[in-house]
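Structure first, then comments.
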Amino acid sequence: MSVLAEIDSKIVKLELIAFIKKIVAKSNCPNMILGLSGGIDSSIVAYLLKEAISVENIYTYHLHSSTTPKEDTTHARLIAKKFNLNYDEISIDGILDKYLDEFCIDSYNGIDLNDNENFKLTLGNLKARIRMSILYYFANLKNGLVAGTGNRSELLIGYMTKFGDGACDFELIGDIYKSQLKNLAESWEIPIEIINKPPRAGLWNNQTDEEEIGMNYDILDQVIYLIEDKKLKNNDILNKIDVSPLEINMIRDKITNNRHKIQVPLSPFANKKLFD
């Protein structure tokens, strides 16, 4: 049994819809721009946006690459059709290859990504930043805001690319844990095949989120909750859930080392008075 409290889908939905409407009113930007990956997070954000504003003001983009699972493209199309959203597909492979050509890297040729972890991660981050640039291009063009798709679990451990998928104008589901979102999705018209498939970013072949993080989301969420929300020490966490001290410390390190990803960039006098 999870230590996370259950949340009421109707109450949360009303709160998030009110938040969207407030954002639109304050920004004077009538349109919403969304990267629609075909995963559960962006599908939920798409659902909430269409519940809050006219679908004519929602523009979704499936920014796929050669490592994007075909199933994700199918699911992105499914959500766009189900919710009657403006939808376009753009391949980022040509843009990526142009970057690599300029960096004097012969694309993927001769490079075994499985044997070059640093290159694999760097390439994945570049893909995320290319997607961000495209979304903000359309946001500027259409006088819109970029809707983020980060959840609380991933934001707190830094499981996103800084100035990539971590860049947005607001994080609609940023206070909700991944495992909670899965439960909410069942009440929010998200197709079961999207809810049940393994979470993945598609930044390289055969990638899955849980394998990369080193823990499944059900356990991860409980560990983060007990660390961040309950402020418990390791011994108290061990008494509540079946997890090892090594795993707890791994998550503590992720939270500490990646906190900069969700903070305003530091400046020398951030906490001091420079001018009277």
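Chain labels run A, B, ... following the order of the structure tokens; each chain numbers its residues from 1, and ligands are numbered from 1 in the order shown.
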Test item, helix (DSSP H, G or I) assignment across region 226-276 of chain A, answer as a PyMOL selection string: chain A and resi 226-229+234-240+245-257+259-262
Shell of 12 Å around region 8-20 of chain A, only C-alpha atoms, local chain residues under 5 positions omitted, as number ranges by chain: A: 25-27, 29-32, 44-54, 145-148, 169-176, 180-189
Proximity to Leu63 (chain A) - best of A:Lys142, A:Leu78, A:Leu34, A:Ile190, only C-alpha atoms: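 Going through A:Lys142, A:Leu78, A:Leu34, A:Ile190 one by one, the smallest distance to Leu63 (chain A) is for A:Leu34.
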Residue set, region 49-168 of chain A restricted to strand (DSSP E), as a ChimeraX atom specification: /A:58-64,86-91,144-148
Among listed residues A:Cys168, A:Ile248, A:Ala76, A:Leu126, nearest Gly144 (chain A) (using only C-alpha atoms):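 Nearest to Gly144 (chain A): A:Cys168.
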Residue with smallest distance to Leu123 (chain A) - pool A:Asn235, A:Ile90, A:Trp204, A:Tyr59, counting only C-alpha atoms: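 Counting only C-alpha atoms, the residue closest to Leu123 (chain A) is A:Trp204.
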Using only C-alpha atoms, which residues of region 133-191 of chain A come within 9 Å of region 210-233 of chain A, and what is the closest atom pair for each, with the distance in Å to one decimal? Give it as JSON lines, sorted by chain and residue number.
{"residue": "A:Arg152", "atom": "CA", "partner": "A:Asp221", "partner_atom": "CA", "distance": 8.7}
{"residue": "A:Ser153", "atom": "CA", "partner": "A:Asp221", "partner_atom": "CA", "distance": 6.1}
{"residue": "A:Leu156", "atom": "CA", "partner": "A:Ile224", "partner_atom": "CA", "distance": 8.0}
{"residue": "A:Ile157", "atom": "CA", "partner": "A:Ile224", "partner_atom": "CA", "distance": 8.5}
{"residue": "A:Tyr159", "atom": "CA", "partner": "A:Ile213", "partner_atom": "CA", "distance": 7.8}
{"residue": "A:Tyr177", "atom": "CA", "partner": "A:Asp221", "partner_atom": "CA", "distance": 6.3}
{"residue": "A:Lys178", "atom": "CA", "partner": "A:Tyr217", "partner_atom": "CA", "distance": 6.6}
{"residue": "A:Ser179", "atom": "CA", "partner": "A:Asp218", "partner_atom": "CA", "distance": 5.8}
{"residue": "A:Gln180", "atom": "CA", "partner": "A:Asp221", "partner_atom": "CA", "distance": 8.9}
Kindly save the residues from that selection, with N, CA and C atoms included, as a compact mmCIF listing (two decimals), in the first residue's frame.
# COMPACT_ATOMS: atom_id res chain seq x y z
N ARG A 152 5.76 16.11 -10.64
CA ARG A 152 6.53 16.37 -9.42
C ARG A 152 7.69 15.38 -9.26
N SER A 153 7.47 14.14 -9.58
CA SER A 153 8.51 13.12 -9.43
C SER A 153 9.75 13.49 -10.23
N LEU A 156 11.59 17.00 -9.26
CA LEU A 156 12.37 16.99 -8.02
C LEU A 156 13.69 16.24 -8.15
N ILE A 157 13.73 15.20 -8.98
CA ILE A 157 15.00 14.47 -9.14
C ILE A 157 15.77 14.95 -10.37
N TYR A 159 14.88 14.78 -13.52
CA TYR A 159 14.80 13.89 -14.67
C TYR A 159 14.16 14.62 -15.86
N TYR A 177 2.52 13.73 -8.34
CA TYR A 177 3.46 12.63 -8.55
C TYR A 177 3.02 11.77 -9.74
N LYS A 178 4.00 11.12 -10.36
CA LYS A 178 3.72 10.30 -11.55
C LYS A 178 2.69 9.21 -11.27
N SER A 179 2.83 8.51 -10.16
CA SER A 179 1.89 7.42 -9.86
C SER A 179 0.49 7.97 -9.59
N GLN A 180 0.39 9.18 -9.05
CA GLN A 180 -0.91 9.81 -8.85
C GLN A 180 -1.54 10.17 -10.20
Point-to-point distance in Å for CA of Ala128 (chain A) and CA of Pro198 (chain A): 19.3 Å
Using only C-alpha atoms, tabulate the residues of region 107-191 of chain A lying at most 9 Å from any atom of region 253-264 of chain A, each with its closest atom pair and that distance in Å to one decimal, by chain and increasing residue number, as CSV.
residue,atom,partner,partner_atom,distance
A:Leu155,CA,A:Ile262,CA,7.0
A:Leu156,CA,A:Ile255,CA,5.6
A:Ile157,CA,A:Ile255,CA,4.5
A:Gly158,CA,A:Asn258,CA,4.9
A:Tyr159,CA,A:Asn258,CA,8.3
A:Met160,CA,A:Lys261,CA,8.3
A:Thr161,CA,A:Lys261,CA,8.0
A:Lys162,CA,A:Lys261,CA,5.6
A:Phe163,CA,A:Lys261,CA,8.4
A:Gly166,CA,A:Lys261,CA,7.6
Which of A:Asn57, A:Ile195, A:Leu203, A:Leu85 sits closest to Leu121 (chain A) [using only C-alpha atoms]: A:Leu203
